[in-house]
file my_file-v3.cif (mmCIF, C-alpha atoms)
data_run
loop_
_atom_site.label_atom_id
_atom_site.label_comp_id
_atom_site.auth_asym_id
_atom_site.auth_seq_id
_atom_site.Cartn_x
_atom_site.Cartn_y
_atom_site.Cartn_z
CA MET Q 1 29.11 9.37 -25.68
CA ILE Q 2 29.51 12.38 -23.42
CA THR Q 3 32.19 12.50 -20.72
CA GLU Q 4 32.37 14.01 -17.27
CA LYS Q 5 33.95 17.14 -18.82
CA ASP Q 6 30.67 17.85 -20.68
CA ILE Q 7 28.61 18.07 -17.48
CA LYS Q 8 27.77 21.60 -16.46
CA PRO Q 9 26.18 23.14 -13.34
CA ILE Q 10 22.39 23.29 -13.25
CA PRO Q 11 21.21 26.51 -14.97
CA LYS Q 12 19.57 28.95 -12.58
CA TYR Q 13 16.27 28.99 -14.47
CA ILE Q 14 16.16 25.17 -14.37
CA LEU Q 15 16.81 25.12 -10.65
CA LYS Q 16 13.97 27.61 -10.23
CA LEU Q 17 11.63 25.32 -12.23
CA ILE Q 18 12.63 22.32 -10.11
CA LYS Q 19 12.03 24.23 -6.88
CA GLU Q 20 8.62 25.39 -8.09
CA ARG Q 21 7.64 21.87 -9.09
CA ASP Q 22 8.91 20.41 -5.82
CA LYS Q 23 7.09 23.04 -3.77
CA LYS Q 24 3.90 22.20 -5.63
CA ASP Q 25 4.31 18.45 -5.13
CA PHE Q 26 5.62 18.68 -1.55
CA PRO Q 27 4.46 22.03 -0.09
CA ASN Q 28 5.53 21.17 3.46
CA GLY Q 29 8.86 19.62 2.56
CA ASP Q 30 9.65 15.94 2.82
CA GLY Q 31 12.54 14.13 4.48
CA GLN Q 32 12.62 11.59 1.66
CA ARG Q 33 14.62 12.24 -1.47
CA ARG Q 34 12.80 13.04 -4.72
CA PHE Q 35 13.90 13.09 -8.35
CA TYR Q 36 13.32 15.65 -11.11
CA ALA Q 37 14.91 15.92 -14.53
CA TYR Q 38 15.67 18.54 -17.17
CA LEU Q 39 16.71 18.45 -20.83
CA ALA Q 40 19.95 19.98 -22.03
CA LYS Q 41 22.43 19.85 -24.89
CA PHE Q 42 25.85 18.31 -24.23
CA GLY Q 43 28.23 17.86 -27.15
CA GLY Q 44 25.48 18.58 -29.66
CA GLU Q 45 23.31 15.75 -28.28
CA LEU Q 46 20.03 15.89 -26.37
CA VAL Q 47 20.55 14.69 -22.80
CA LYS Q 48 18.39 14.25 -19.73
CA VAL Q 49 19.91 15.26 -16.41
CA THR Q 50 18.36 13.77 -13.27
CA VAL Q 51 18.49 15.86 -10.10
CA ALA Q 52 17.92 14.48 -6.59
CA VAL Q 53 16.45 16.85 -4.00
CA LYS Q 54 15.90 16.50 -0.26
CA ASN Q 55 14.94 18.58 2.76
CA ARG Q 56 17.21 18.51 5.77
CA ASN Q 57 15.21 17.51 8.90
CA ASN Q 58 11.92 17.83 6.96
CA LYS Q 59 12.29 21.62 6.83
CA ALA Q 60 10.86 23.09 3.62
CA ARG Q 61 13.38 25.94 3.54
CA ASP Q 62 16.40 23.73 4.13
CA TRP Q 63 16.44 22.34 0.59
CA VAL Q 64 19.45 20.60 -1.00
CA HIS Q 65 19.98 19.19 -4.49
CA LYS Q 66 22.54 17.42 -6.64
CA GLN Q 67 22.89 16.05 -10.18
CA VAL Q 68 23.00 12.26 -10.01
CA ALA Q 69 22.53 10.97 -13.59
CA VAL Q 70 22.98 12.02 -17.21
CA HIS Q 71 21.34 10.04 -20.00
CA CYS Q 72 21.98 10.60 -23.71
CA ILE Q 73 19.12 9.95 -26.06
CA HIS Q 74 21.10 7.70 -28.40
CA SER Q 75 23.45 5.94 -26.02
CA ASP Q 76 23.01 2.69 -24.13
CA LYS Q 77 25.22 4.05 -21.37
CA CYS Q 78 24.84 6.89 -18.90
CA LEU Q 79 26.85 8.74 -16.27
CA ILE Q 80 26.04 8.29 -12.57
CA LYS Q 81 27.23 10.11 -9.47
CA ASP Q 82 26.68 9.32 -5.76
CA MET Q 83 23.72 7.02 -6.43
CA VAL Q 84 23.11 3.28 -6.42
CA CYS Q 85 20.06 1.11 -6.97
CA TYR Q 86 19.19 -1.83 -4.73
CA TYR Q 87 16.80 -4.56 -5.82
CA ILE Q 88 14.56 -4.11 -2.77
CA ALA Q 89 15.28 -0.63 -1.43
CA GLY Q 90 15.34 1.13 -4.80
CA TYR Q 91 17.48 4.23 -5.41
CA VAL Q 92 19.79 5.47 -2.67
CA VAL Q 93 21.57 8.82 -2.89
CA GLY Q 94 24.56 9.98 -0.83
CA TRP Q 95 24.40 13.47 0.68
CA PHE Q 96 27.81 13.88 2.34
CA GLU Q 97 28.81 16.68 -0.04
CA GLN Q 98 25.65 18.59 0.90
CA GLY Q 99 26.38 18.25 4.61
CA LEU Q 100 23.53 15.88 5.49
CA TYR Q 101 25.86 13.06 6.62
CA ARG Q 102 29.06 13.12 8.67
CA THR Q 103 30.81 10.49 6.56
CA PRO Q 104 30.43 9.62 2.87
CA LYS Q 105 28.61 6.49 1.74
CA TRP Q 106 30.72 3.79 0.12
CA PHE Q 107 29.42 4.73 -3.34
CA GLU Q 108 30.06 8.48 -3.06
CA GLN Q 109 33.01 9.48 -5.25
CA GLU Q 110 34.55 12.66 -6.56
CA ASN Q 111 34.11 11.56 -10.16
CA TRP Q 112 31.18 10.41 -12.25
CA TRP Q 113 31.13 6.78 -13.32
CA GLU Q 114 29.73 5.05 -16.37
CA ASP Q 115 26.80 2.67 -16.28
CA TYR Q 116 24.34 1.06 -18.64
CA TYR Q 117 20.79 2.32 -18.99
CA THR Q 118 19.68 0.17 -16.04
CA ILE Q 119 19.94 3.10 -13.61
CA GLU Q 120 17.26 5.63 -14.52
CA PRO Q 121 15.04 6.91 -11.70
CA VAL Q 122 11.50 7.94 -12.59
CA ALA Q 123 11.64 11.73 -12.64
CA PRO Q 124 9.22 14.31 -14.10
CA ILE Q 125 10.92 16.52 -16.70
CA VAL Q 126 10.51 20.23 -15.97
CA ASN Q 127 11.33 21.56 -19.48
CA THR Q 128 10.03 19.09 -22.07
CA GLU Q 129 9.67 21.95 -24.59
CA TYR Q 130 13.47 22.09 -24.82
CA ALA Q 131 13.42 19.06 -27.13
CA LEU Q 132 11.64 21.15 -29.80
CA LYS Q 133 14.85 23.18 -30.28
CA PHE Q 134 16.39 20.19 -32.07
CA PRO Q 135 15.36 20.18 -35.77
CA LYS Q 136 14.57 16.46 -35.77
CA TYR Q 137 12.13 16.90 -32.86
CA LYS Q 138 10.63 20.22 -33.92
CA TYR Q 139 7.27 18.64 -34.78
CA SER Q 140 7.41 15.81 -32.22
CA ALA Q 141 4.93 17.41 -29.78
CA ALA Q 142 7.42 16.51 -27.04
CA ASP Q 143 6.11 19.42 -24.99
CA LYS Q 144 2.69 17.73 -24.90
CA TYR Q 145 4.02 14.30 -23.93
CA THR Q 146 2.93 13.86 -20.30
CA TYR Q 147 4.82 10.72 -19.27
CA CYS Q 148 8.34 10.43 -17.82
CA ASP Q 149 9.75 8.15 -20.53
CA LEU Q 150 10.22 11.02 -23.00
CA PHE Q 151 13.42 9.57 -24.50
CA LYS Q 152 11.64 6.32 -25.32
CA TYR Q 153 8.96 8.33 -27.07
CA LEU Q 154 11.44 10.48 -29.04
CA ARG Q 155 13.44 7.44 -30.19
CA LEU Q 156 10.24 5.85 -31.47
CA TYR Q 157 9.18 9.15 -33.04
CA GLU Q 158 12.34 9.10 -35.16
CA GLU Q 159 11.24 5.73 -36.57
CA TYR Q 160 7.49 6.34 -36.47
CA PRO Q 161 6.68 10.05 -36.98
CA GLN Q 162 2.99 9.19 -36.58
CA ALA Q 163 3.65 9.06 -32.82
CA GLU Q 164 3.10 12.84 -32.84
CA TYR Q 165 -0.44 12.17 -34.10
CA LEU Q 166 -1.25 10.14 -30.97
CA VAL Q 167 0.24 12.67 -28.55
CA LYS Q 168 -1.77 15.50 -30.09
CA MET Q 169 -4.89 13.34 -29.79
CA ASN Q 170 -4.23 13.23 -26.02
CA LEU Q 171 -3.35 9.54 -26.22
CA PRO Q 172 0.31 9.64 -25.10
CA TYR Q 173 0.22 6.15 -23.59
CA LEU Q 174 -0.29 4.74 -27.10
CA ALA Q 175 2.62 6.70 -28.57
CA THR Q 176 5.20 4.20 -27.28
CA SER Q 177 3.41 1.07 -28.52
CA LYS Q 178 4.98 -0.25 -31.73
CA VAL Q 179 1.83 -2.28 -32.43
CA ILE Q 180 -0.30 0.86 -32.44
CA LEU Q 181 2.30 3.00 -34.24
CA LYS Q 182 2.62 0.51 -37.09
CA LYS Q 183 -1.14 0.23 -37.44
CA VAL Q 184 -1.56 4.01 -37.44
CA GLY Q 185 1.06 4.28 -40.20
CA LYS Q 186 -0.49 1.64 -42.45
CA ASP Q 187 -4.24 1.64 -41.79
CA LYS Q 188 -6.23 4.76 -42.65
CA ASN Q 189 -9.43 3.24 -41.29
CA PHE Q 190 -7.72 2.56 -37.98
CA ARG Q 191 -6.80 6.25 -37.75
CA LYS Q 192 -10.43 7.16 -38.34
CA TRP Q 193 -11.50 4.64 -35.72
CA LEU Q 194 -9.10 6.20 -33.19
CA ILE Q 195 -10.60 9.62 -33.83
CA GLN Q 196 -14.11 8.24 -33.37
CA ASN Q 197 -13.15 6.59 -30.08
CA ARG Q 198 -10.71 9.23 -28.86
CA GLU Q 199 -12.90 10.37 -25.98
CA GLU Q 200 -13.27 6.86 -24.59
CA LEU Q 201 -9.57 6.05 -25.09
CA ALA Q 202 -8.49 9.26 -23.35
CA LYS Q 203 -10.52 8.57 -20.20
CA LYS Q 204 -8.01 5.98 -19.04
CA PRO Q 205 -5.29 3.76 -20.56
CA HIS Q 206 -6.67 0.77 -22.44
CA TYR Q 207 -4.95 -2.55 -23.05
CA ILE Q 208 -3.34 -2.73 -26.50
CA ASN Q 209 -4.95 -6.09 -27.29
CA VAL Q 210 -8.34 -4.63 -26.33
CA ILE Q 211 -7.85 -1.74 -28.75
CA THR Q 212 -6.82 -3.95 -31.67
CA CYS Q 213 -9.58 -6.49 -30.93
CA SER Q 214 -12.27 -3.80 -30.65
CA TYR Q 215 -11.20 -2.30 -33.98
CA ARG Q 216 -10.94 -5.64 -35.74
CA GLU Q 217 -14.30 -6.92 -34.53
CA ARG Q 218 -16.00 -3.50 -34.50
CA SER Q 219 -17.13 -4.27 -30.96
CA SER Q 220 -17.60 -2.06 -27.92
CA LEU Q 221 -14.29 -0.67 -26.69
CA ARG Q 222 -15.71 0.09 -23.25
CA TYR Q 223 -17.21 -3.40 -22.88
CA ASN Q 224 -14.03 -5.17 -24.00
CA GLN Q 225 -11.82 -3.15 -21.65
CA TYR Q 226 -14.20 -3.76 -18.77
CA TYR Q 227 -14.20 -7.49 -19.57
CA ALA Q 228 -10.40 -7.65 -19.78
CA GLU Q 229 -10.03 -5.91 -16.41
CA LEU Q 230 -12.51 -8.35 -14.84
CA GLU Q 231 -10.63 -11.27 -16.38
CA LYS Q 232 -7.40 -10.08 -14.80
CA VAL Q 233 -8.91 -10.01 -11.30
CA TYR Q 234 -11.02 -13.15 -11.80
CA LYS Q 235 -8.02 -15.50 -12.04
CA ASN Q 236 -7.23 -15.22 -8.32
CA HIS Q 237 -10.71 -14.53 -6.96
CA ASN Q 238 -12.18 -17.67 -5.37
CA THR Q 239 -15.59 -16.17 -4.60
CA ALA Q 240 -15.96 -14.99 -8.21
CA HIS Q 241 -15.36 -18.54 -9.46
CA GLU Q 242 -18.07 -19.81 -7.12
CA VAL Q 243 -20.51 -17.13 -8.29
CA ALA Q 244 -19.73 -17.78 -11.97
CA GLY Q 245 -20.85 -21.37 -11.39
CA LEU Q 246 -24.22 -20.10 -10.14
CA PHE Q 247 -24.54 -17.83 -13.19
CA GLY Q 248 -23.88 -20.78 -15.48
CA SER Q 249 -20.81 -19.26 -17.11
CA LYS Q 250 -18.12 -16.66 -16.57
CA ASP Q 251 -19.32 -14.70 -19.61
CA ARG Q 252 -22.85 -14.40 -18.23
CA PHE Q 253 -21.48 -13.29 -14.85
CA PHE Q 254 -19.18 -10.69 -16.43
CA ASP Q 255 -22.00 -9.42 -18.63
CA TYR Q 256 -24.12 -8.79 -15.52
CA ILE Q 257 -21.23 -6.99 -13.76
CA ILE Q 258 -20.61 -4.74 -16.78
CA ARG Q 259 -24.27 -3.90 -17.37
CA HIS Q 260 -24.64 -2.82 -13.75
CA GLU Q 261 -21.33 -0.92 -13.76
CA THR Q 262 -19.97 -2.64 -10.68
CA ASN Q 263 -16.94 -4.86 -10.02
CA LEU Q 264 -16.02 -8.26 -8.64
CA ALA Q 265 -15.18 -6.95 -5.17
CA THR Q 266 -18.54 -5.21 -4.77
CA TYR Q 267 -20.51 -8.18 -6.06
CA SER Q 268 -18.47 -10.47 -3.81
CA ASP Q 269 -19.47 -8.36 -0.78
CA TYR Q 270 -23.11 -8.58 -1.87
CA TYR Q 271 -22.87 -12.36 -2.37
CA LYS Q 272 -21.24 -12.97 1.04
CA ALA Q 273 -23.91 -10.83 2.72
CA CYS Q 274 -26.67 -12.83 1.05
CA VAL Q 275 -25.08 -16.14 2.09
CA TYR Q 276 -24.75 -14.89 5.66
CA LEU Q 277 -28.45 -13.95 5.60
CA HIS Q 278 -29.28 -17.50 4.36
CA LEU Q 279 -30.83 -16.27 1.11
CA ASP Q 280 -31.34 -18.73 -1.74
CA MET Q 281 -28.68 -17.73 -4.29
CA THR Q 282 -30.08 -20.11 -6.89
CA ASP Q 283 -33.07 -17.78 -7.05
CA THR Q 284 -32.56 -15.33 -9.93
CA LYS Q 285 -33.97 -12.37 -8.02
CA ASN Q 286 -31.24 -12.82 -5.41
CA LEU Q 287 -28.43 -13.77 -7.79
CA MET Q 288 -29.19 -11.11 -10.38
CA PRO Q 289 -31.31 -8.32 -8.87
CA ILE Q 290 -32.66 -5.90 -11.48
CA ASP Q 291 -31.37 -2.88 -9.56
CA PHE Q 292 -28.06 -4.20 -8.25
CA LYS Q 293 -26.91 -1.03 -6.49
CA ARG Q 294 -30.16 -0.70 -4.53
CA TRP Q 295 -30.22 -4.35 -3.45
CA HIS Q 296 -26.51 -4.35 -2.71
CA ASP Q 297 -27.01 -1.50 -0.23
CA ILE Q 298 -30.07 -3.19 1.32
CA ARG Q 299 -28.32 -6.54 1.80
CA ILE Q 300 -25.16 -4.95 3.19
CA ASP Q 301 -27.23 -3.03 5.75
CA GLU Q 302 -29.12 -6.20 6.68
CA TYR Q 303 -25.84 -8.08 6.98
CA ARG Q 304 -24.32 -5.44 9.27
CA SER Q 305 -27.39 -5.46 11.51
CA ALA Q 306 -27.42 -9.27 11.72
CA LYS Q 307 -23.66 -9.38 12.31
CA ALA Q 308 -23.94 -6.79 15.08
CA LEU Q 309 -26.59 -8.90 16.81
CA GLN Q 310 -24.49 -12.04 16.47
CA ASP Q 311 -21.40 -10.23 17.74
CA ALA Q 312 -23.41 -9.01 20.72
CA GLU Q 313 -24.53 -12.58 21.46
CA GLU Q 314 -20.98 -13.88 21.09
CA ARG Q 315 -19.72 -11.10 23.33
CA LYS Q 316 -22.38 -11.95 25.92
CA GLU Q 317 -21.40 -15.64 25.79
CA MET Q 318 -17.70 -14.80 26.06
CA TYR Q 319 -18.32 -12.54 29.08
CA ALA Q 320 -20.27 -15.39 30.71
CA ARG Q 321 -17.43 -17.87 30.04
CA PHE Q 322 -14.89 -15.36 31.36
CA ALA Q 323 -16.88 -14.83 34.57
CA SER Q 324 -17.24 -18.61 35.02
CA VAL Q 325 -13.48 -19.14 34.69
CA ALA Q 326 -12.79 -16.27 37.10
CA GLU Q 327 -15.18 -17.82 39.63
CA LYS Q 328 -13.55 -21.25 39.22
CA TYR Q 329 -10.05 -19.95 39.95
CA MET Q 330 -11.03 -17.41 42.63
CA PRO Q 331 -9.11 -19.47 45.25
CA LEU Q 332 -5.84 -18.43 43.57
CA GLN Q 333 -6.39 -14.88 44.85
CA ARG Q 334 -4.33 -13.95 47.94
CA ASN Q 335 -5.06 -11.46 50.69
CA LYS Q 336 -2.78 -12.40 53.58
CA ASP Q 337 -0.44 -10.52 55.89
CA ASN Q 338 1.72 -9.05 53.13
CA ALA Q 339 2.24 -5.61 51.63
CA PHE Q 340 0.57 -6.83 48.44
CA ILE Q 341 -2.64 -8.61 47.49
CA VAL Q 342 -3.57 -10.57 44.33
CA VAL Q 343 -6.91 -10.17 42.56
CA ILE Q 344 -8.13 -12.19 39.58
CA ALA Q 345 -9.67 -10.35 36.59
CA LYS Q 346 -13.46 -10.72 36.68
CA SER Q 347 -14.32 -9.57 33.12
CA PRO Q 348 -12.74 -8.48 29.81
CA GLN Q 349 -13.59 -4.93 30.83
CA ASP Q 350 -11.26 -5.35 33.83
CA LEU Q 351 -8.44 -6.15 31.38
CA ILE Q 352 -9.21 -3.08 29.29
CA ARG Q 353 -9.19 -0.80 32.34
CA GLU Q 354 -5.93 -2.32 33.58
CA GLY Q 355 -4.28 -1.94 30.17
CA GLU Q 356 -5.39 1.67 29.81
CA ALA Q 357 -4.29 2.59 33.34
CA LEU Q 358 -0.85 0.99 33.02
CA ASP Q 359 -0.42 1.62 29.29
CA HIS Q 360 0.31 -1.97 28.32
CA CYS Q 361 -1.37 -4.56 26.10
CA VAL Q 362 -3.38 -6.72 28.54
CA GLY Q 363 -6.61 -5.14 27.30
CA ARG Q 364 -5.70 -6.10 23.73
CA MET Q 365 -3.85 -8.95 21.98
CA GLY Q 366 -6.50 -11.60 22.79
CA TYR Q 367 -5.77 -12.07 26.51
CA ASP Q 368 -9.52 -12.17 27.20
CA GLN Q 369 -9.92 -15.10 24.77
CA LYS Q 370 -7.00 -16.99 26.33
CA PHE Q 371 -8.55 -16.41 29.77
CA ALA Q 372 -11.97 -17.67 28.65
CA ARG Q 373 -10.32 -20.78 27.10
CA GLU Q 374 -8.44 -21.39 30.41
CA GLU Q 375 -5.08 -21.16 28.66
CA SER Q 376 -3.75 -18.45 30.96
CA LEU Q 377 -5.20 -16.31 33.72
CA ILE Q 378 -4.67 -12.63 34.43
CA PHE Q 379 -4.11 -11.46 37.99
CA PHE Q 380 -3.66 -7.94 39.31
CA ILE Q 381 -1.07 -7.25 41.99
CA ARG Q 382 -2.22 -4.40 44.25
CA ASP Q 383 -0.65 -2.45 47.07
CA LYS Q 384 -2.65 -3.41 50.13
CA GLN Q 385 -3.03 0.26 51.08
CA THR Q 386 -4.56 1.14 47.68
CA PRO Q 387 -6.34 -2.04 46.52
CA ASP Q 388 -8.29 -0.33 43.73
CA MET Q 389 -5.28 1.29 42.03
CA PRO Q 390 -3.69 -0.64 39.07
CA PHE Q 391 -0.10 -1.50 39.97
CA VAL Q 392 1.35 -4.70 38.45
CA THR Q 393 -0.21 -7.24 36.05
CA VAL Q 394 0.60 -10.97 35.97
CA GLU Q 395 -0.14 -13.61 33.33
CA TYR Q 396 -0.23 -17.11 34.85
CA SER Q 397 -0.12 -20.33 32.81
CA LEU Q 398 -2.50 -23.03 34.02
CA SER Q 399 -0.73 -25.82 32.13
CA GLN Q 400 2.81 -24.83 33.09
CA LYS Q 401 1.90 -23.51 36.54
CA LYS Q 402 4.26 -20.57 36.22
CA VAL Q 403 4.24 -16.82 35.71
CA LEU Q 404 4.52 -15.99 32.01
CA GLN Q 405 4.62 -12.19 32.34
CA CYS Q 406 4.86 -9.70 35.18
CA TYR Q 407 4.84 -6.01 34.24
CA GLY Q 408 4.10 -2.65 35.76
CA GLU Q 409 3.32 0.63 34.04
CA HIS Q 410 4.59 0.98 30.43
CA ASP Q 411 5.74 -2.69 30.52
CA HIS Q 412 8.42 -1.81 33.08
CA ARG Q 413 9.94 -4.48 35.31
CA PRO Q 414 8.43 -4.33 38.81
CA SER Q 415 10.53 -3.68 41.90
CA GLU Q 416 12.46 -6.53 43.54
CA SER Q 417 10.02 -6.57 46.47
CA VAL Q 418 7.09 -7.18 44.08
CA LEU Q 419 8.98 -9.86 42.13
CA ASP Q 420 9.96 -11.59 45.37
CA PHE Q 421 6.33 -11.58 46.50
CA VAL Q 422 5.04 -12.89 43.15
CA ASN Q 423 7.63 -15.65 42.67
CA HIS Q 424 8.25 -16.82 46.23
CA LYS Q 425 4.99 -16.22 48.08
CA TRP Q 426 2.05 -16.00 45.70
CA LEU Q 427 3.18 -18.47 42.99
CA PRO Q 428 3.70 -21.44 45.39
CA PHE Q 429 0.36 -20.59 47.00
CA ALA Q 430 -1.38 -20.37 43.61
CA ASN Q 431 0.04 -23.73 42.48
CA ARG Q 432 -1.16 -25.44 45.68
CA GLN Q 433 -4.64 -23.99 45.19
CA LEU Q 434 -4.67 -25.05 41.51
CA ASN Q 435 -3.72 -28.63 42.50
CA ARG Q 436 -6.70 -28.73 44.87
CA ILE Q 437 -9.07 -27.44 42.17
CA GLN Q 438 -7.81 -30.01 39.66
CA ALA Q 439 -7.98 -32.84 42.19
CA ALA Q 440 -11.56 -31.98 43.03
CA ALA Q 441 -12.64 -31.83 39.38
#
call {"tool": "encode", "arguments": {"input": "my_file-v3.cif", "output": "structure tokens"}}
result
Amino acid sequence: MITEKDIKPIPKYILKLIKERDKKDFPNGDGQRRFYAYLAKFGGELVKVTVAVKNRNNKARDWVHKQVAVHCIHSDKCLIKDMVCYYIAGYVVGWFEQGLYRTPKWFEQENWWEDYYTIEPVAPIVNTEYALKFPKYKYSAADKYTYCDLFKYLRLYEEYPQAEYLVKMNLPYLATSKVILKKVGKDKNFRKWLIQNREELAKKPHYINVITCSYRERSSLRYNQYYAELEKVYKNHNTAHEVAGLFGSKDRFFDYIIRHETNLATYSDYYKACVYLHLDMTDTKNLMPIDFKRWHDIRIDEYRSAKALQDAEERKEMYARFASVAEKYMPLQRNKDNAFIVVIAKSPQDLIREGEALDHCVGRMGYDQKFAREESLIFFIRDKQTPDMPFVTVEYSLSQKKVLQCYGEHDHRPSESVLDFVNHKWLPFANRQLNRIQAAA
């Protein structure tokens, strides 16, 4: 196990590589911390040093860095400095030494401290070829391994040299699976099968059980992977269960999805559109159209058109209800010998204009629906000299007979003269008028 005395400053050429990689990944700088790693040799052992980097005030040129972790390839412990890991927040790094904070964090210390392998941030390695300098890894193809868990790969390579075979086949995600490594080492036919299916396997990672099943049964790798991915989503997809019942079985439904190269989400959208359009989904031509993509697009367009018409009708009905409520409670308006007058909102559009003019939320947040349901009413307080200019907005509760909200521009509290008018002159008047309306109903 290495000690703090073995840790050396970051070599200049490594720092240059990290800066180049960071500039490529974050060309404009980023206020968040990032992690990179490099390989080195401490005490004759291959180690991985993790470096945290950050830009001060999001400025690309103001770039700071620090070494925060050292992992040895054959040790279950590592060295950590100025970094902790929280279950929810993830990795947190202290930057007092670099001048980013005025006071140090509680975990920032002068010395490195020892920890188990639990603290290991994901960090791309900038010099993977360095591992080839060690005789035992000379033929490991470490420089071609594209994932961050290089040490996991190299430890397995020591036990299963055939891991190199998978990396050079451009299948690095399989090189850390013991199931695959053992099979590659023992089964010549499996190696041939991998070569035959290399192109398909390299397109995207495949499930290990899919690979072994496809080889064992000599079945379609693409079909089996597609099926397994559908199965994973299907478990928590209520609409898909309903559709599978119409198809007669889950297998028949999945087979249709795979043949038409779609997915459960897309078919679910198609199905919901058809149901909305009142189509008979027990009819095969609707349930399983021959050209799914074409009919999916047609039905979605029809659905959007029908939905737009329905929304327009609902909007028209809501506007009518709103206007009816406004007319009913018109007596609560006040235009007497005061500096202010009170006007009731006549339409949802009035709320939108008021909200935009005063920069508050009365035009949003469902106030129009509450008004139409007679839960609360919206009144506009106006200066009598400028009756058309938005000034103060009031929400009035019909059930509680009190003012729920009273705000001016930017949700600011109105002046005392306005509040006095609202609470002591208009509110008593409004409650008397409401009592008369309710008594006459």
call {"tool": "atom_distance", "arguments": {"input": "my_file-v3.cif", "atom1": "atom CA of Q:Lys293", "atom2": "atom CA of Q:Glu261"}}
result
9.2 Å
call {"tool": "closest_residue", "arguments": {"input": "my_file-v3.cif", "among": "Q:Tyr139, Q:Trp95, Q:Tyr147, Q:Ile7", "to": "Q:Ala163", "atoms": "only C-alpha atoms"}}
result
Q:Tyr139
call {"tool": "residues_around", "arguments": {"input": "my_file-v3.cif", "residues": "stretch 75-90 of chain Q", "least_positions_apart": "6", "cutoff": "6 Å", "atoms": "all atoms listed in the file", "output": "list in words"}}
result
Val68, Ala69, Phe107, Glu108, Trp112, Trp113, Glu114, Asp115, Tyr116 and Tyr117 of chain Q
call {"tool": "resolve_selection", "arguments": {"input": "my_file-v3.cif", "expression": "the PyMOL selection byres ((chain Q and resi 192-208) around 7)", "output": "tab-separated table (two decimals) with C-alpha atoms, keeping the file's coordinate frame"}}
result
chain	number	residue	atom	x	y	z
Q	170	ASN	CA	-4.23	13.23	-26.02
Q	171	LEU	CA	-3.35	9.54	-26.22
Q	173	TYR	CA	0.22	6.15	-23.59
Q	188	LYS	CA	-6.23	4.76	-42.65
Q	189	ASN	CA	-9.43	3.24	-41.29
Q	190	PHE	CA	-7.72	2.56	-37.98
Q	191	ARG	CA	-6.80	6.25	-37.75
Q	209	ASN	CA	-4.95	-6.09	-27.29
Q	210	VAL	CA	-8.34	-4.63	-26.33
Q	211	ILE	CA	-7.85	-1.74	-28.75
Q	212	THR	CA	-6.82	-3.95	-31.67
Q	225	GLN	CA	-11.82	-3.15	-21.65
call {"tool": "resolve_selection", "arguments": {"input": "my_file-v3.cif", "expression": "the PyMOL selection byres ((chain Q and resi 409) around 10)", "output": "ChimeraX atom specification"}}
result
/Q:354-360,390-393,407-408,410-414
call {"tool": "resolve_selection", "arguments": {"input": "my_file-v3.cif", "expression": "the PyMOL selection byres ((chain Q and resi 338) around 12)", "output": "ChimeraX atom specification"}}
result
/Q:334-337,339-342,381-385,417-418,420-422,425-426
call {"tool": "atom_distance", "arguments": {"input": "my_file-v3.cif", "atom1": "atom CA of Q:Val243", "atom2": "atom CA of Q:Arg259"}}
result
16.5 Å
call {"tool": "residues_around", "arguments": {"input": "my_file-v3.cif", "residues": "Q:Leu377", "least_positions_apart": "2", "cutoff": "12 Å", "atoms": "all atoms listed in the file", "output": "ChimeraX atom specification"}}
result
/Q:322-323,325-330,332-333,343-348,351,362,366-375,379-380,393-405,430,434
call {"tool": "atom_distance", "arguments": {"input": "my_file-v3.cif", "atom1": "atom CA of Q:His65", "atom2": "atom CA of Q:Asp143"}}
result
24.8 Å
call {"tool": "build_atoms", "arguments": {"input": "my_file-v3.cif", "residues": "stretch 258-263 of chain Q", "atoms": "N, CA, C and O atoms", "output": "PDB file, keeping the file's coordinate frame"}}
result
ATOM      1  N   ILE Q 258     -20.827  -5.894 -15.893  1.00  0.00           N
ATOM      2  CA  ILE Q 258     -20.610  -4.740 -16.780  1.00  0.00           C
ATOM      3  C   ILE Q 258     -21.877  -3.932 -16.949  1.00  0.00           C
ATOM      4  O   ILE Q 258     -21.855  -2.697 -16.910  1.00  0.00           O
ATOM      5  N   ARG Q 259     -22.999  -4.606 -17.167  1.00  0.00           N
ATOM      6  CA  ARG Q 259     -24.270  -3.900 -17.370  1.00  0.00           C
ATOM      7  C   ARG Q 259     -24.657  -3.068 -16.158  1.00  0.00           C
ATOM      8  O   ARG Q 259     -25.266  -2.011 -16.299  1.00  0.00           O
ATOM      9  N   HIS Q 260     -24.289  -3.542 -14.981  1.00  0.00           N
ATOM     10  CA  HIS Q 260     -24.640  -2.820 -13.750  1.00  0.00           C
ATOM     11  C   HIS Q 260     -23.501  -1.946 -13.240  1.00  0.00           C
ATOM     12  O   HIS Q 260     -23.586  -1.412 -12.128  1.00  0.00           O
ATOM     13  N   GLU Q 261     -22.448  -1.826 -14.051  1.00  0.00           N
ATOM     14  CA  GLU Q 261     -21.330  -0.920 -13.760  1.00  0.00           C
ATOM     15  C   GLU Q 261     -20.786  -1.099 -12.350  1.00  0.00           C
ATOM     16  O   GLU Q 261     -20.575  -0.152 -11.601  1.00  0.00           O
ATOM     17  N   THR Q 262     -20.566  -2.355 -11.985  1.00  0.00           N
ATOM     18  CA  THR Q 262     -19.970  -2.640 -10.680  1.00  0.00           C
ATOM     19  C   THR Q 262     -18.664  -3.389 -10.893  1.00  0.00           C
ATOM     20  O   THR Q 262     -18.061  -3.302 -11.966  1.00  0.00           O
ATOM     21  N   ASN Q 263     -18.198  -4.125  -9.900  1.00  0.00           N
ATOM     22  CA  ASN Q 263     -16.940  -4.860 -10.020  1.00  0.00           C
ATOM     23  C   ASN Q 263     -17.011  -6.130  -9.203  1.00  0.00           C
ATOM     24  O   ASN Q 263     -17.977  -6.350  -8.448  1.00  0.00           O
TER      25      ASN Q 263
END
